[in-house]
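Below is target_7.pdb, holding PDB, C-alpha atoms.
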```pdb
MODEL        1
ATOM      1  CA  MET A   1       4.882 -12.809  39.195  1.00  0.00           C
ATOM      2  CA  GLN A   2       3.357 -14.427  42.247  1.00  0.00           C
ATOM      3  CA  GLY A   3       0.922 -17.225  41.491  1.00  0.00           C
ATOM      4  CA  ALA A   4       1.781 -17.367  37.786  1.00  0.00           C
ATOM      5  CA  MET A   5       2.724 -20.712  36.322  1.00  0.00           C
ATOM      6  CA  ALA A   6       5.434 -20.902  33.687  1.00  0.00           C
ATOM      7  CA  VAL A   7       4.495 -22.472  30.384  1.00  0.00           C
ATOM      8  CA  PRO A   8       7.011 -25.232  29.588  1.00  0.00           C
ATOM      9  CA  ALA A   9       9.260 -24.556  26.611  1.00  0.00           C
ATOM     10  CA  LEU A  10       8.362 -26.688  23.622  1.00  0.00           C
ATOM     11  CA  ALA A  11      10.647 -27.814  20.828  1.00  0.00           C
ATOM     12  CA  PRO A  12      10.242 -25.617  17.735  1.00  0.00           C
ATOM     13  CA  VAL A  13       8.097 -26.829  14.875  1.00  0.00           C
ATOM     14  CA  THR A  14      10.395 -27.489  11.956  1.00  0.00           C
ATOM     15  CA  ARG A  15       8.152 -28.814   9.213  1.00  0.00           C
ATOM     16  CA  GLN A  16       4.597 -28.833   7.972  1.00  0.00           C
ATOM     17  CA  VAL A  17       2.722 -32.060   8.421  1.00  0.00           C
ATOM     18  CA  SER A  18      -0.156 -32.673   6.066  1.00  0.00           C
ATOM     19  CA  SER A  19      -2.432 -35.464   4.898  1.00  0.00           C
ATOM     20  CA  ARG A  20      -1.613 -34.580   1.294  1.00  0.00           C
ATOM     21  CA  ALA A  21       1.659 -34.378  -0.564  1.00  0.00           C
ATOM     22  CA  ALA A  22       3.686 -31.387   0.579  1.00  0.00           C
ATOM     23  CA  PRO A  23       4.074 -28.515  -1.873  1.00  0.00           C
ATOM     24  CA  ALA A  24       7.496 -28.138  -3.445  1.00  0.00           C
ATOM     25  CA  LEU A  25       8.268 -24.997  -1.408  1.00  0.00           C
ATOM     26  CA  VAL A  26       7.957 -26.631   2.037  1.00  0.00           C
ATOM     27  CA  PRO A  27      11.280 -27.317   3.772  1.00  0.00           C
ATOM     28  CA  SER A  28      11.569 -30.489   5.820  1.00  0.00           C
ATOM     29  CA  GLY A  29      13.725 -29.216   8.669  1.00  0.00           C
ATOM     30  CA  PRO A  30      15.858 -26.394  10.022  1.00  0.00           C
ATOM     31  CA  GLU A  31      18.706 -27.311   7.679  1.00  0.00           C
ATOM     32  CA  SER A  32      16.351 -26.937   4.700  1.00  0.00           C
ATOM     33  CA  VAL A  33      16.350 -23.177   4.282  1.00  0.00           C
ATOM     34  CA  LEU A  34      14.922 -22.096   0.951  1.00  0.00           C
ATOM     35  CA  PRO A  35      16.108 -19.000  -0.877  1.00  0.00           C
ATOM     36  CA  LEU A  36      13.258 -16.649  -1.625  1.00  0.00           C
ATOM     37  CA  ALA A  37      13.124 -16.154  -5.377  1.00  0.00           C
ATOM     38  CA  ALA A  38      14.394 -12.700  -6.294  1.00  0.00           C
ATOM     39  CA  ALA A  39      11.329 -12.177  -8.483  1.00  0.00           C
ATOM     40  CA  VAL A  40       9.084 -12.542  -5.434  1.00  0.00           C
ATOM     41  CA  ALA A  41      11.304 -10.488  -3.121  1.00  0.00           C
ATOM     42  CA  GLU A  42      11.275  -7.619  -5.620  1.00  0.00           C
ATOM     43  CA  LEU A  43       7.484  -7.565  -6.048  1.00  0.00           C
ATOM     44  CA  PRO A  44       5.687  -4.620  -4.485  1.00  0.00           C
ATOM     45  CA  VAL A  45       3.191  -4.557  -1.661  1.00  0.00           C
ATOM     46  CA  LEU A  46       1.364  -1.414  -0.567  1.00  0.00           C
ATOM     47  CA  ASP A  47       1.080   0.013   2.933  1.00  0.00           C
ATOM     48  CA  ALA A  48      -1.971   1.835   4.341  1.00  0.00           C
ATOM     49  CA  SER A  49      -0.860   5.060   2.612  1.00  0.00           C
ATOM     50  CA  GLY A  50      -0.529   3.385  -0.784  1.00  0.00           C
ATOM     51  CA  ARG A  51       3.283   3.559  -0.601  1.00  0.00           C
ATOM     52  CA  ARG A  52       5.020   0.767  -2.555  1.00  0.00           C
ATOM     53  CA  VAL A  53       7.404  -1.413  -0.558  1.00  0.00           C
ATOM     54  CA  GLN A  54       9.397  -4.308  -1.983  1.00  0.00           C
ATOM     55  CA  PHE A  55       8.124  -7.505  -0.391  1.00  0.00           C
ATOM     56  CA  GLY A  56      11.640  -8.751   0.394  1.00  0.00           C
ATOM     57  CA  THR A  57      12.522  -5.642   2.414  1.00  0.00           C
ATOM     58  CA  LEU A  58       9.875  -6.592   4.970  1.00  0.00           C
ATOM     59  CA  PHE A  59      12.100  -9.383   6.294  1.00  0.00           C
ATOM     60  CA  ARG A  60      15.503  -8.979   4.666  1.00  0.00           C
ATOM     61  CA  GLU A  61      17.109  -7.590   7.839  1.00  0.00           C
ATOM     62  CA  ARG A  62      14.906  -9.314  10.434  1.00  0.00           C
ATOM     63  CA  ARG A  63      12.999 -12.461  11.238  1.00  0.00           C
ATOM     64  CA  ALA A  64       9.325 -12.288  10.394  1.00  0.00           C
ATOM     65  CA  VAL A  65       6.117 -14.264  10.366  1.00  0.00           C
ATOM     66  CA  VAL A  66       4.207 -13.316   7.223  1.00  0.00           C
ATOM     67  CA  ILE A  67       0.525 -14.246   7.120  1.00  0.00           C
ATOM     68  CA  PHE A  68      -1.181 -14.130   3.733  1.00  0.00           C
ATOM     69  CA  VAL A  69      -4.943 -13.895   4.202  1.00  0.00           C
ATOM     70  CA  ARG A  70      -7.475 -14.854   1.552  1.00  0.00           C
ATOM     71  CA  HIS A  71      -9.107 -11.427   1.618  1.00  0.00           C
ATOM     72  CA  PHE A  72     -10.369  -8.854   4.087  1.00  0.00           C
ATOM     73  CA  LEU A  73     -14.016  -9.866   3.583  1.00  0.00           C
ATOM     74  CA  CYS A  74     -13.377 -13.479   4.592  1.00  0.00           C
ATOM     75  CA  TYR A  75     -14.996 -13.965   8.003  1.00  0.00           C
ATOM     76  CA  ILE A  76     -12.555 -16.727   8.998  1.00  0.00           C
ATOM     77  CA  CYS A  77      -9.557 -14.557   8.020  1.00  0.00           C
ATOM     78  CA  LYS A  78     -11.047 -11.651   9.966  1.00  0.00           C
ATOM     79  CA  GLU A  79     -11.300 -13.810  13.096  1.00  0.00           C
ATOM     80  CA  TYR A  80      -7.734 -15.079  12.588  1.00  0.00           C
ATOM     81  CA  VAL A  81      -6.436 -11.497  12.329  1.00  0.00           C
ATOM     82  CA  GLU A  82      -8.463 -10.547  15.420  1.00  0.00           C
ATOM     83  CA  ASP A  83      -6.513 -13.250  17.266  1.00  0.00           C
ATOM     84  CA  LEU A  84      -3.216 -12.031  15.776  1.00  0.00           C
ATOM     85  CA  ALA A  85      -4.111  -8.595  17.189  1.00  0.00           C
ATOM     86  CA  LYS A  86      -4.038 -10.111  20.692  1.00  0.00           C
ATOM     87  CA  ILE A  87      -0.325 -10.924  20.436  1.00  0.00           C
ATOM     88  CA  PRO A  88       1.458  -8.421  22.685  1.00  0.00           C
ATOM     89  CA  LYS A  89       4.067  -6.356  20.866  1.00  0.00           C
ATOM     90  CA  SER A  90       6.404  -7.037  23.803  1.00  0.00           C
ATOM     91  CA  PHE A  91       6.304 -10.799  23.032  1.00  0.00           C
ATOM     92  CA  LEU A  92       7.373 -10.118  19.444  1.00  0.00           C
ATOM     93  CA  GLN A  93      10.062  -7.633  20.494  1.00  0.00           C
ATOM     94  CA  GLU A  94      11.529 -10.084  23.038  1.00  0.00           C
ATOM     95  CA  ALA A  95      11.884 -12.679  20.261  1.00  0.00           C
ATOM     96  CA  ASN A  96      13.049 -10.044  17.737  1.00  0.00           C
ATOM     97  CA  VAL A  97      10.284 -11.052  15.316  1.00  0.00           C
ATOM     98  CA  ALA A  98       8.014  -8.945  13.098  1.00  0.00           C
ATOM     99  CA  LEU A  99       4.403  -9.996  12.512  1.00  0.00           C
ATOM    100  CA  ILE A 100       3.166  -9.046   9.043  1.00  0.00           C
ATOM    101  CA  VAL A 101      -0.218  -9.609   7.401  1.00  0.00           C
ATOM    102  CA  ILE A 102      -0.564  -9.409   3.612  1.00  0.00           C
ATOM    103  CA  GLY A 103      -4.026  -9.130   2.077  1.00  0.00           C
ATOM    104  CA  GLN A 104      -5.441  -9.164  -1.455  1.00  0.00           C
ATOM    105  CA  SER A 105      -7.179  -5.839  -1.600  1.00  0.00           C
ATOM    106  CA  SER A 106      -6.800  -2.146  -2.239  1.00  0.00           C
ATOM    107  CA  TYR A 107      -4.671  -0.277   0.286  1.00  0.00           C
ATOM    108  CA  HIS A 108      -7.780   1.794   1.082  1.00  0.00           C
ATOM    109  CA  HIS A 109      -9.163  -1.214   2.950  1.00  0.00           C
ATOM    110  CA  ILE A 110      -6.212  -1.567   5.351  1.00  0.00           C
ATOM    111  CA  GLU A 111      -7.225   1.098   7.858  1.00  0.00           C
ATOM    112  CA  PRO A 112     -10.904   0.032   8.147  1.00  0.00           C
ATOM    113  CA  PHE A 113      -9.822  -3.630   8.440  1.00  0.00           C
ATOM    114  CA  CYS A 114      -7.379  -2.771  11.240  1.00  0.00           C
ATOM    115  CA  LYS A 115     -10.075  -0.801  13.072  1.00  0.00           C
ATOM    116  CA  LEU A 116     -12.493  -3.695  12.676  1.00  0.00           C
ATOM    117  CA  THR A 117     -10.033  -6.337  13.921  1.00  0.00           C
ATOM    118  CA  GLY A 118      -7.973  -4.305  16.398  1.00  0.00           C
ATOM    119  CA  TYR A 119      -4.827  -5.334  14.490  1.00  0.00           C
ATOM    120  CA  SER A 120      -1.929  -2.925  15.107  1.00  0.00           C
ATOM    121  CA  HIS A 121       1.057  -4.877  13.781  1.00  0.00           C
ATOM    122  CA  GLU A 122       2.364  -4.469  10.209  1.00  0.00           C
ATOM    123  CA  ILE A 123      -0.081  -4.956   7.351  1.00  0.00           C
ATOM    124  CA  TYR A 124       0.243  -4.588   3.582  1.00  0.00           C
ATOM    125  CA  VAL A 125      -1.705  -5.533   0.475  1.00  0.00           C
ATOM    126  CA  ASP A 126      -0.831  -7.262  -2.785  1.00  0.00           C
ATOM    127  CA  PRO A 127      -3.666  -5.780  -4.889  1.00  0.00           C
ATOM    128  CA  GLU A 128      -2.589  -7.470  -8.117  1.00  0.00           C
ATOM    129  CA  ARG A 129      -2.052 -10.840  -6.348  1.00  0.00           C
ATOM    130  CA  GLU A 130       1.407 -11.157  -7.932  1.00  0.00           C
ATOM    131  CA  ILE A 131       3.064 -12.651  -4.833  1.00  0.00           C
ATOM    132  CA  TYR A 132       0.120 -14.988  -4.324  1.00  0.00           C
ATOM    133  CA  LYS A 133       0.371 -16.141  -7.949  1.00  0.00           C
ATOM    134  CA  ARG A 134       4.157 -16.593  -7.981  1.00  0.00           C
ATOM    135  CA  LEU A 135       4.118 -18.587  -4.742  1.00  0.00           C
ATOM    136  CA  GLY A 136       1.243 -20.698  -6.066  1.00  0.00           C
ATOM    137  CA  MET A 137      -1.198 -19.620  -3.349  1.00  0.00           C
ATOM    138  CA  LYS A 138      -4.900 -20.077  -3.834  1.00  0.00           C
ATOM    139  CA  ARG A 139      -5.797 -19.610  -0.176  1.00  0.00           C
ATOM    140  CA  GLY A 140      -4.054 -18.182   2.869  1.00  0.00           C
ATOM    141  CA  GLU A 141      -0.577 -19.075   4.061  1.00  0.00           C
ATOM    142  CA  GLU A 142       1.642 -18.658   7.081  1.00  0.00           C
ATOM    143  CA  ILE A 143       5.348 -18.220   6.377  1.00  0.00           C
ATOM    144  CA  ALA A 144       8.272 -17.847   8.783  1.00  0.00           C
ATOM    145  CA  SER A 145      11.255 -16.226   7.090  1.00  0.00           C
ATOM    146  CA  SER A 146      14.409 -14.201   7.539  1.00  0.00           C
ATOM    147  CA  GLY A 147      16.818 -12.713   5.037  1.00  0.00           C
ATOM    148  CA  HIS A 148      16.029 -14.244   1.659  1.00  0.00           C
ATOM    149  CA  ASN A 149      15.123 -17.556   3.267  1.00  0.00           C
ATOM    150  CA  ILE A 150      11.812 -19.220   3.950  1.00  0.00           C
ATOM    151  CA  HIS A 151      12.049 -21.544   6.938  1.00  0.00           C
ATOM    152  CA  PHE A 152       8.450 -22.738   7.115  1.00  0.00           C
ATOM    153  CA  ILE A 153       5.299 -22.570   4.997  1.00  0.00           C
ATOM    154  CA  HIS A 154       1.806 -23.712   5.880  1.00  0.00           C
ATOM    155  CA  ARG A 155      -0.633 -23.791   2.965  1.00  0.00           C
ATOM    156  CA  ASP A 156      -4.282 -23.801   3.940  1.00  0.00           C
ATOM    157  CA  ARG A 157      -6.202 -26.682   2.382  1.00  0.00           C
ATOM    158  CA  ASN A 158      -9.495 -24.835   2.882  1.00  0.00           C
ATOM    159  CA  ARG A 159     -10.763 -21.664   4.527  1.00  0.00           C
ATOM    160  CA  LEU A 160     -10.866 -23.343   7.959  1.00  0.00           C
ATOM    161  CA  ASP A 161      -7.333 -24.742   7.805  1.00  0.00           C
ATOM    162  CA  HIS A 162      -5.357 -21.860   9.316  1.00  0.00           C
ATOM    163  CA  LYS A 163      -2.311 -22.983  11.285  1.00  0.00           C
ATOM    164  CA  PRO A 164      -2.841 -22.490  15.041  1.00  0.00           C
ATOM    165  CA  ILE A 165      -1.185 -19.178  15.902  1.00  0.00           C
ATOM    166  CA  ASN A 166       0.782 -20.514  18.858  1.00  0.00           C
ATOM    167  CA  SER A 167       2.307 -23.198  16.612  1.00  0.00           C
ATOM    168  CA  VAL A 168       3.615 -20.507  14.268  1.00  0.00           C
ATOM    169  CA  LEU A 169       4.823 -18.333  17.163  1.00  0.00           C
ATOM    170  CA  GLN A 170       6.589 -21.317  18.697  1.00  0.00           C
ATOM    171  CA  LEU A 171       8.547 -21.785  15.482  1.00  0.00           C
ATOM    172  CA  VAL A 172      10.127 -18.337  15.802  1.00  0.00           C
ATOM    173  CA  GLY A 173      10.600 -18.378  19.571  1.00  0.00           C
ATOM    174  CA  VAL A 174       7.691 -16.145  20.604  1.00  0.00           C
ATOM    175  CA  GLN A 175       6.198 -17.081  23.946  1.00  0.00           C
ATOM    176  CA  HIS A 176       2.787 -18.768  24.196  1.00  0.00           C
ATOM    177  CA  VAL A 177      -0.214 -16.417  23.974  1.00  0.00           C
ATOM    178  CA  ASP A 178      -3.432 -17.112  25.868  1.00  0.00           C
ATOM    179  CA  PHE A 179      -6.247 -16.337  23.430  1.00  0.00           C
ATOM    180  CA  THR A 180      -9.067 -17.225  25.822  1.00  0.00           C
ATOM    181  CA  SER A 181      -9.333 -13.657  27.228  1.00  0.00           C
ATOM    182  CA  ARG A 182     -10.377 -15.152  30.540  1.00  0.00           C
ATOM    183  CA  SER A 183      -9.017 -13.534  33.672  1.00  0.00           C
ATOM    184  CA  SER A 184      -6.671 -15.704  35.687  1.00  0.00           C
ATOM    185  CA  VAL A 185      -7.931 -17.179  38.926  1.00  0.00           C
ATOM    186  CA  ILE A 186      -5.344 -16.862  41.652  1.00  0.00           C
ATOM    187  CA  HIS A 187      -5.732 -19.029  44.722  1.00  0.00           C
ATOM    188  CA  VAL A 188      -4.785 -17.178  47.880  1.00  0.00           C
TER     189      VAL A 188
ENDMDL
END
```

What does this structure look like when you write it as structure tokens?
Amino acid sequence: MQGAMAVPALAPVTRQVSSRAAPALVPSGPESVLPLAAAVAELPVLDASGRRVQFGTLFRERRAVVIFVRHFLCYICKEYVEDLAKIPKSFLQEANVALIVIGQSSYHHIEPFCKLTGYSHEIYVDPEREIYKRLGMKRGEEIASSGHNIHFIHRDRNRLDHKPINSVLQLVGVQHVDFTSRSSVIHV
């Protein structure tokens, strides 16, 4: 592309850095791959049709970034998902990564939430909060995983503590996304 500047490749993020003690589930590097507990992998989530899907099947055969949002009525989570909606599917396909949002709601709320946010990637709900409970989540989380392994977890400390999306994408090799929605100025 003429006039386009390449974004320099950055080293992948390999651990969560926090001002508080890290939760027991957080790995400290790429060699620290955690097995996903079978009890969690076997728990159901529901798709927009109300069809039950085992949580583990969402990433058993592929790499995935799984975003657990607090709930669909959370304004901050809504804005975060609106930004996730801006990630081109081609970027995810090039990196062979699935982007999955899990919410704590009825499956009936998935379609209106997707219309509201413009989100067209995969989305499911955990209406009974079983996965949230078993993973010790009280707020939202970002998880990068593949197979039965969790490679990275970010636990929000408060509702404004979402991990920057490009940091999570960088971890799984997805190219940088410009979320500014400003048109590029090309000097001729």

Using all atoms listed in the file, the residue out of A:Leu58, A:Ile165, A:Ile131, A:Ala41 with shortest distance to Glu82 (chain A) is A:Ile165

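Pairwise distance (CA of Glu128 (chain A), CA of Val45 (chain A)) equals 9.1 Å.
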
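Reported to one decimal place, the separation of CA of Pro88 (chain A) from CA of Gly56 (chain A) is 24.5 Å.
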
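Interatomic distance, CA of Ile123 (chain A) against CA of Ile100 (chain A): 5.5 Å.
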
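The shortest atom-to-atom distance to His108 (chain A), with all atoms listed in the file taken into account, belongs to A:Ser49 out of A:Ser120, A:Asn166, A:Thr57, A:Ser49.
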